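Below is final-v4.txt, holding compact mmCIF, C-alpha atoms.
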```
# COMPACT_ATOMS: atom_id res chain seq x y z
CA MET G 164 -49.88 -8.71 -3.44
CA ILE G 165 -49.37 -11.61 -1.02
CA ILE G 166 -45.91 -12.48 0.36
CA ASP G 167 -45.62 -15.56 2.60
CA THR G 168 -42.36 -15.29 4.56
CA ASP G 169 -42.62 -18.58 6.46
CA ARG G 170 -43.69 -21.69 4.56
CA HIS G 171 -42.02 -24.92 5.66
CA VAL G 172 -40.52 -27.68 3.52
CA ALA G 173 -38.88 -30.96 4.49
CA VAL G 174 -37.10 -33.99 3.13
CA THR G 175 -38.59 -37.41 3.76
CA ASP G 176 -35.25 -39.19 3.45
CA TYR G 177 -31.98 -37.64 4.64
CA ARG G 178 -30.12 -39.62 1.98
CA ASP G 179 -31.45 -37.04 -0.49
CA VAL G 180 -29.23 -34.50 1.29
CA LEU G 181 -26.27 -36.85 1.56
CA ALA G 182 -26.20 -37.27 -2.22
CA TYR G 183 -24.72 -33.75 -2.45
CA LEU G 184 -21.80 -34.53 -0.14
CA ASP G 185 -18.38 -36.04 -0.79
CA LYS G 186 -18.21 -39.81 -0.45
CA SER G 187 -16.32 -39.62 2.86
CA TRP G 188 -19.01 -37.41 4.38
CA GLN G 189 -21.73 -39.67 3.02
CA LYS G 190 -20.13 -42.54 4.90
CA HIS G 191 -19.90 -40.37 8.02
CA PHE G 192 -23.58 -39.49 7.98
CA GLU G 193 -24.70 -42.98 7.06
CA ARG G 194 -23.80 -44.18 10.55
CA LYS G 195 -27.10 -45.05 12.18
CA GLU G 196 -26.33 -43.32 15.45
CA PHE G 197 -25.63 -40.01 13.66
CA LEU G 198 -28.76 -39.77 11.56
CA GLY G 199 -30.65 -41.13 14.53
CA SER G 200 -29.59 -38.07 16.51
CA VAL G 201 -30.65 -35.78 13.66
CA THR G 202 -34.08 -37.37 13.65
CA GLU G 203 -34.37 -37.17 17.42
CA ALA G 204 -33.59 -33.45 17.36
CA SER G 205 -36.19 -32.95 14.66
CA ASN G 206 -38.87 -34.56 16.82
CA HIS G 207 -39.22 -31.25 18.60
CA ILE G 208 -40.64 -29.70 15.45
CA ARG G 209 -42.69 -32.73 14.44
CA VAL G 210 -40.79 -33.88 11.37
CA SER G 211 -39.91 -37.49 12.20
CA SER G 212 -42.04 -40.61 12.13
CA ARG G 213 -41.32 -41.47 15.76
CA PHE G 214 -44.90 -40.67 16.76
CA GLY G 215 -46.43 -41.65 13.45
CA ASP G 216 -45.97 -38.26 11.77
CA GLU G 217 -44.03 -38.36 8.52
CA PRO G 218 -41.88 -35.39 7.53
CA VAL G 219 -44.18 -33.01 5.73
CA SER G 220 -43.93 -29.98 3.47
CA ALA G 221 -46.55 -27.28 3.12
CA ALA G 222 -48.81 -27.46 0.10
CA ALA G 223 -48.44 -24.82 -2.58
CA LEU G 224 -50.01 -21.41 -1.94
CA PRO G 225 -51.17 -20.44 -5.44
CA GLU G 226 -52.62 -17.08 -4.39
CA ALA G 227 -49.24 -15.88 -3.09
CA ASP G 228 -47.06 -13.74 -5.33
CA LYS G 229 -43.86 -14.78 -3.52
CA VAL G 230 -43.17 -17.53 -0.97
CA LEU G 231 -40.06 -18.00 1.16
CA LEU G 232 -39.46 -21.68 1.90
CA MET G 233 -38.00 -22.57 5.30
CA PRO G 234 -36.31 -26.03 5.54
CA HIS G 235 -36.98 -26.52 9.24
CA GLN G 236 -34.97 -29.75 9.52
CA ALA G 237 -31.81 -27.84 8.65
CA LEU G 238 -32.35 -25.37 11.51
CA THR G 239 -31.71 -28.09 14.11
CA VAL G 240 -27.94 -27.87 13.54
CA ASN G 241 -27.95 -25.30 16.36
CA GLY G 242 -28.15 -28.25 18.73
CA TRP G 243 -25.33 -30.26 17.16
CA ALA G 244 -22.08 -30.79 19.04
CA ASP G 245 -20.17 -31.50 15.81
CA GLY G 246 -19.90 -28.10 14.14
CA VAL G 247 -17.78 -29.39 11.24
CA ALA G 248 -20.43 -31.95 10.36
CA ALA G 249 -23.08 -29.23 10.63
CA THR G 250 -21.41 -27.12 7.94
CA GLU G 251 -21.16 -30.08 5.58
CA PHE G 252 -24.77 -31.06 6.23
CA LEU G 253 -25.99 -27.51 5.54
CA SER G 254 -23.94 -27.27 2.37
CA GLY G 255 -25.76 -30.35 1.10
CA PHE G 256 -29.12 -29.10 2.32
CA ASN G 257 -28.69 -25.75 0.56
CA SER G 258 -27.78 -27.53 -2.67
CA LEU G 259 -30.88 -29.71 -2.39
CA ALA G 260 -33.01 -26.63 -1.72
CA ARG G 261 -31.63 -24.98 -4.85
CA ASP G 262 -32.41 -27.98 -7.03
CA LYS G 263 -35.65 -29.23 -5.47
CA TRP G 264 -37.55 -26.26 -4.04
CA SER G 265 -36.73 -23.28 -6.25
CA SER G 266 -39.54 -22.94 -8.78
CA GLY G 267 -41.88 -20.22 -9.92
CA ASN G 268 -42.68 -17.96 -6.99
CA ASN G 269 -41.19 -20.38 -4.44
CA VAL G 270 -37.85 -19.16 -3.14
CA PRO G 271 -35.69 -21.16 -0.69
CA VAL G 272 -33.51 -19.62 2.01
CA ILE G 273 -29.81 -20.20 2.66
CA VAL G 274 -29.38 -21.88 6.05
CA VAL G 275 -26.09 -20.96 7.75
CA GLN G 276 -24.16 -22.34 10.70
CA PRO G 277 -24.19 -20.10 13.81
CA GLY G 278 -21.06 -21.76 15.17
CA ASP G 279 -19.01 -21.05 12.03
CA PRO G 280 -19.50 -17.45 10.86
CA GLY G 281 -16.55 -17.63 8.45
CA TRP G 282 -17.99 -20.55 6.52
CA SER G 283 -21.44 -19.02 6.76
CA ALA G 284 -20.29 -15.76 5.17
CA ALA G 285 -18.65 -17.64 2.31
CA GLU G 286 -21.78 -19.77 1.86
CA ILE G 287 -23.96 -16.66 1.68
CA ARG G 288 -21.81 -15.11 -1.03
CA ARG G 289 -21.58 -18.38 -2.97
CA ARG G 290 -25.31 -19.09 -2.84
CA ALA G 291 -26.30 -15.49 -3.57
CA ALA G 292 -24.34 -15.74 -6.82
CA GLU G 293 -26.59 -18.66 -7.83
CA GLN G 294 -29.53 -16.21 -8.00
CA VAL G 295 -32.15 -18.59 -6.61
CA PHE G 296 -32.20 -17.84 -2.86
CA GLY G 297 -34.33 -15.12 -1.28
CA ALA G 298 -32.98 -14.76 2.26
CA ILE G 299 -30.62 -16.15 4.90
CA ALA G 300 -31.82 -18.35 7.78
CA LEU G 301 -29.63 -17.98 10.87
CA PRO G 302 -30.41 -20.55 13.59
CA LEU G 303 -29.96 -19.31 17.15
CA GLY G 304 -26.58 -20.38 18.52
CA ALA G 305 -25.30 -20.08 22.06
CA GLY G 306 -24.47 -16.37 21.78
CA LEU G 307 -26.91 -13.50 21.34
CA LEU G 308 -27.14 -12.02 17.85
CA GLY G 309 -25.66 -8.66 18.87
CA THR G 310 -22.22 -10.12 19.57
CA SER G 311 -19.38 -9.45 17.13
CA HIS G 312 -19.11 -13.22 16.58
CA TYR G 313 -21.75 -12.86 13.86
CA ASP G 314 -20.20 -9.85 12.12
CA PRO G 315 -18.92 -11.87 9.11
CA ILE G 316 -22.48 -13.08 8.50
CA TYR G 317 -23.84 -9.55 8.71
CA GLU G 318 -21.15 -8.25 6.37
CA ALA G 319 -22.12 -10.89 3.79
CA ALA G 320 -25.81 -10.11 4.24
CA ALA G 321 -25.19 -6.41 3.68
CA GLU G 322 -23.07 -7.16 0.61
CA THR G 323 -25.61 -9.48 -1.01
CA GLY G 324 -28.75 -7.60 0.00
CA LEU G 325 -30.34 -10.69 1.54
CA ALA G 326 -32.38 -10.36 4.74
CA ILE G 327 -31.65 -12.55 7.76
CA ILE G 328 -34.48 -14.72 9.04
CA VAL G 329 -34.36 -15.90 12.65
CA HIS G 330 -36.68 -18.86 13.22
CA PHE G 331 -36.52 -21.19 16.21
CA SER G 332 -35.57 -24.79 15.48
CA GLY G 333 -37.41 -26.30 18.44
CA VAL G 334 -34.23 -27.42 20.25
CA GLU G 335 -33.63 -24.09 22.01
CA GLY G 336 -33.54 -24.51 25.77
CA LEU G 337 -32.88 -28.24 25.43
CA TYR G 338 -29.51 -28.93 23.79
CA ALA G 339 -26.12 -27.37 24.46
CA GLY G 340 -25.21 -25.15 21.52
CA ALA G 341 -28.70 -23.72 21.05
CA GLN G 342 -29.81 -20.69 23.04
CA PRO G 343 -31.20 -21.30 26.55
CA LEU G 344 -34.55 -20.02 27.73
CA GLY G 345 -34.90 -17.65 30.67
CA GLY G 346 -34.52 -19.26 34.07
CA GLY G 347 -33.01 -22.53 32.88
CA VAL G 348 -34.05 -25.77 31.26
CA HIS G 349 -37.78 -26.40 30.96
CA TYR G 350 -38.71 -30.05 30.80
CA SER G 351 -42.01 -29.63 28.99
CA ALA G 352 -42.15 -29.00 25.25
CA LEU G 353 -45.20 -26.85 25.95
CA SER G 354 -43.20 -24.65 28.34
CA ARG G 355 -40.53 -24.14 25.72
CA GLN G 356 -43.13 -23.24 23.10
CA VAL G 357 -44.73 -20.65 25.40
CA LEU G 358 -41.36 -19.03 26.14
CA MET G 359 -40.00 -18.84 22.59
CA SER G 360 -40.95 -15.17 22.36
CA GLN G 361 -38.28 -14.48 25.00
CA LEU G 362 -35.64 -15.42 22.44
CA ALA G 363 -36.82 -12.82 19.95
CA GLU G 364 -37.04 -10.11 22.60
CA SER G 365 -33.59 -10.95 23.96
CA ASN G 366 -31.94 -10.95 20.55
CA ILE G 367 -33.61 -7.77 19.33
CA THR G 368 -32.46 -6.06 22.54
CA SER G 369 -28.95 -7.41 21.95
CA LEU G 370 -28.89 -6.19 18.35
CA ALA G 371 -29.94 -2.72 19.51
CA PHE G 372 -27.78 -2.25 22.63
CA GLU G 373 -24.63 -3.95 21.33
CA GLY G 374 -24.65 -1.54 18.38
CA THR G 375 -25.09 -4.14 15.64
CA LEU G 376 -28.01 -2.30 14.05
CA GLU G 377 -25.93 0.89 14.08
CA LYS G 378 -22.90 -0.89 12.64
CA PHE G 379 -24.85 -2.66 9.88
CA PRO G 380 -27.64 -0.29 8.81
CA ALA G 381 -28.26 -2.19 5.56
CA VAL G 382 -28.96 -5.55 7.26
CA ARG G 383 -32.61 -6.48 7.75
CA PHE G 384 -33.83 -9.03 10.28
CA LEU G 385 -37.07 -11.00 10.28
CA PHE G 386 -37.98 -12.80 13.52
CA SER G 387 -40.26 -15.59 12.40
CA GLY G 388 -42.71 -17.63 14.46
CA PHE G 389 -42.17 -15.78 17.76
CA GLY G 390 -45.43 -13.83 17.74
CA PHE G 391 -45.51 -10.04 17.64
CA SER G 392 -47.98 -8.69 20.20
CA TRP G 393 -45.09 -7.96 22.57
CA LEU G 394 -43.32 -5.55 20.20
CA PRO G 395 -44.83 -2.22 21.41
CA SER G 396 -44.02 -2.92 25.06
CA LEU G 397 -40.48 -4.04 24.18
CA LEU G 398 -39.83 -0.82 22.26
CA TRP G 399 -41.08 1.25 25.20
CA ARG G 400 -38.80 -0.60 27.64
CA ILE G 401 -35.62 -0.41 25.58
CA ASP G 402 -36.13 3.29 24.86
CA ARG G 403 -36.77 4.02 28.53
CA GLU G 404 -33.55 2.31 29.60
CA TRP G 405 -31.58 3.97 26.81
CA ARG G 406 -32.77 7.42 27.83
CA THR G 407 -31.71 6.75 31.41
CA PHE G 408 -28.35 5.08 30.73
CA ARG G 409 -27.46 6.19 27.21
CA TYR G 410 -23.99 7.32 28.25
CA ASP G 411 -23.13 3.70 29.02
CA VAL G 412 -23.73 2.80 25.37
CA PRO G 413 -22.35 5.72 23.32
CA TRP G 414 -22.27 3.53 20.20
CA VAL G 415 -26.09 3.51 20.22
CA LYS G 416 -26.54 6.93 18.66
CA HIS G 417 -30.32 6.93 18.39
CA ALA G 418 -33.21 5.62 20.43
CA PRO G 419 -33.20 1.81 20.04
CA SER G 420 -36.77 1.83 18.73
CA LYS G 421 -35.61 3.87 15.74
CA TYR G 422 -33.25 1.08 14.67
CA VAL G 423 -35.84 -1.63 15.25
CA LEU G 424 -38.52 0.22 13.31
CA GLU G 425 -36.15 0.52 10.36
CA GLN G 426 -34.34 -2.85 10.33
CA VAL G 427 -36.43 -5.46 12.16
CA TRP G 428 -39.64 -7.22 11.09
CA LEU G 429 -41.85 -9.84 12.75
CA ASN G 430 -44.23 -12.19 11.02
CA THR G 431 -47.82 -12.84 11.91
CA TRP G 432 -47.80 -16.39 13.24
CA PRO G 433 -49.47 -16.99 15.62
CA LEU G 434 -51.87 -14.26 14.55
CA LYS G 435 -54.49 -14.93 17.22
CA GLU G 436 -52.13 -13.77 19.97
CA ALA G 437 -52.56 -10.18 18.83
CA THR G 438 -56.21 -10.26 17.87
CA MET G 439 -58.14 -12.31 20.42
CA ASP G 440 -57.99 -9.56 23.08
CA GLY G 441 -57.96 -6.59 20.73
CA ASP G 442 -54.22 -5.97 21.12
CA TRP G 443 -53.84 -5.19 17.43
CA ALA G 444 -56.34 -2.33 17.41
CA ARG G 445 -55.19 -1.09 20.81
CA HIS G 446 -51.39 -1.14 20.41
CA PHE G 447 -50.55 -1.20 16.69
CA THR G 448 -51.87 2.29 16.08
CA THR G 449 -49.06 3.80 13.99
CA ASP G 450 -47.91 3.18 10.43
CA ALA G 451 -44.39 2.54 11.76
CA LEU G 452 -45.57 -0.36 13.92
CA ARG G 453 -47.92 -1.85 11.34
CA SER G 454 -45.15 -1.77 8.73
CA ARG G 455 -43.05 -4.12 10.89
CA ILE G 456 -45.51 -7.00 10.64
CA VAL G 457 -45.42 -9.31 7.62
CA PHE G 458 -47.45 -12.37 6.73
CA GLY G 459 -45.98 -15.77 7.60
CA SER G 460 -48.27 -18.76 7.33
CA HIS G 461 -46.06 -21.19 9.32
CA SER G 462 -47.79 -23.85 7.22
CA PRO G 463 -48.15 -26.82 7.55
CA PHE G 464 -47.69 -26.52 11.33
CA ASP G 465 -50.98 -25.10 12.63
CA GLY G 466 -50.48 -22.10 10.39
CA ASP G 467 -52.50 -19.10 9.22
CA ALA G 468 -53.91 -18.56 5.74
CA PRO G 469 -54.15 -15.20 3.94
CA GLY G 470 -57.89 -15.27 4.55
CA ASP G 471 -57.28 -15.51 8.30
CA VAL G 472 -55.26 -12.30 8.20
CA VAL G 473 -58.03 -10.38 6.42
CA LYS G 474 -60.72 -11.85 8.67
CA GLN G 475 -58.93 -11.03 11.92
CA LEU G 476 -57.35 -7.68 11.02
CA GLY G 477 -59.94 -6.31 8.62
CA PRO G 478 -59.62 -5.75 4.86
CA ASP G 479 -57.38 -2.66 4.99
CA ASP G 480 -54.87 -3.80 7.61
CA GLY G 481 -55.08 -7.35 6.29
CA ALA G 482 -54.08 -6.27 2.78
CA LEU G 483 -51.27 -4.17 4.24
CA ILE G 484 -49.81 -7.05 6.27
CA LEU G 485 -50.09 -9.50 3.38
CA SER G 486 -48.05 -7.16 1.17
CA ASN G 487 -45.53 -5.84 3.73
CA GLY G 488 -43.10 -8.63 2.93
CA ALA G 489 -42.33 -7.04 -0.44
CA ALA G 490 -40.54 -4.19 1.35
CA LEU G 491 -38.63 -6.61 3.56
CA LEU G 492 -37.50 -8.89 0.74
CA PRO G 493 -37.01 -6.90 -2.46
CA ARG G 494 -34.41 -9.49 -3.41
CA VAL G 495 -37.22 -12.00 -3.93
CA GLU G 496 -38.73 -9.77 -6.61
CA ALA G 497 -35.48 -9.79 -8.53
CA VAL G 498 -34.86 -13.51 -8.15
CA THR G 499 -38.26 -14.80 -9.21
CA SER G 500 -39.46 -12.29 -11.76
```
Have the structure of the file written as structure tokens, please.
Amino acid sequence: MIIDTDRHVAVTDYRDVLAYLDKSWQKHFERKEFLGSVTEASNHIRVSSRFGDEPVSAAALPEADKVLLMPHQALTVNGWADGVAATEFLSGFNSLARDKWSSGNNVPVIVVQPGDPGWSAAEIRRRAAEQVFGAIALPLGAGLLGTSHYDPIYEAAAETGLAIIVHFSGVEGLYAGAQPLGGGVHYSALSRQVLMSQLAESNITSLAFEGTLEKFPAVRFLFSGFGFSWLPSLLWRIDREWRTFRYDVPWVKHAPSKYVLEQVWLNTWPLKEATMDGDWARHFTTDALRSRIVFGSHSPFDGDAPGDVVKQLGPDDGALILSNGAALLPRVEAVTS
């Protein structure tokens, strides 16, 4: 079985999204300066034609049993100043995803608004009832994911059985509203790309130490596109600090690694980070660790193919990683069968 948890899709014309909105909101978004700002934000993930690159969707992956489709343009709302407009835009985008991208083994995700957890929770419940979505995409807002601000989203995720996917939008560390990177603003897009793994480590630590994973044991998180070679060292560090200062966090009833190894997954892209220096064979030595890693192609953006996973990890571990997503997203099985 092959499960691709990170295949990207895009619209070539934002008017396709606007068609799902009320007439007043269509007029609002038709203003050139507004859609211009949307396109500018999307430049950071290479989806505009500013540099000659048209918005692009990944080609079909016929050998995959299930595919989660990530509409990366929608993720950029975490850099928008107008939160009300962001909710309307995402409502339209989710409707388009339902009608345009849900087919066969291709399953879209519900994109929610990090600045509006109340609306997001209602959107999750509404879209889950449509029986076509396979997960929830939560863009990174200003606050860390362990804060109670997000509790309504987690309650809805637990109720519907949908996993939460955290995937960077490309505007983190650049726009107010999205999460900053460590140390401040980096002026190079390459610097931001290198440091994206910090965001996953920070938010996993927040989920563990703030007690969110204890409070919502049924909620599953997939951190997508951040790499994964850093996971063993992160688990060692958070457990060490918990053992030393556990009385400061009495709501964390078990070692933080226990929660992470039960509720958090990472996908493979970029796979070479963990294989070029032998880190996979050296550090991912237990079934518990290997079970946390799922296949995500990140296609069409310099992604990995199923064959790359088998080639770089070997046939046994490769087959395991390609199929691990089934345990993370059992909802997909129900939706697309």
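All residues of protein, DNA or RNA that reach within 7 Å of Leu307 in chain G, judged by all atoms listed in the file and not counting those fewer than 2 positions away in the chain, are Ala305, Gly309, Thr310, Asn366 and Ser369 of chain G.
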Could you save the residues just selected, with C-alpha atoms, as a PDB file, in the coordinates of the input?
```pdb
ATOM      1  CA  ALA G 305     -25.300 -20.080  22.060  1.00  0.00           C
ATOM      2  CA  GLY G 309     -25.660  -8.660  18.870  1.00  0.00           C
ATOM      3  CA  THR G 310     -22.220 -10.120  19.570  1.00  0.00           C
ATOM      4  CA  ASN G 366     -31.940 -10.950  20.550  1.00  0.00           C
ATOM      5  CA  SER G 369     -28.950  -7.410  21.950  1.00  0.00           C
TER       6      SER G 369
END
```
Neighbours of Leu358 in chain G within 10 Å (only C-alpha atoms; same-chain residues fewer than 4 positions away dropped), as a count of residues only?
9
My list of candidates is G:Glu226, G:Glu322, G:Asp279, G:Asp169. Which is closest to Pro380 in chain G when distances are computed with only C-alpha atoms?
G:Glu322
Mind pulling up the distance from CA of Asp450 in chain G to CA of Leu476 in chain G?
14.4 Å
Which residues, protein or nucleic acid, reach to within 8 Å of (-46.6, -3.9, 14.1) in the file's coordinates when using all atoms listed in the file, and can you give that as a count of residues only?
12
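The residue that comes closest to Met233 in chain G, out of G:Asp167, G:Glu286, G:Asp480, G:Asp471 and on the basis of all atoms listed in the file, is G:Asp167.
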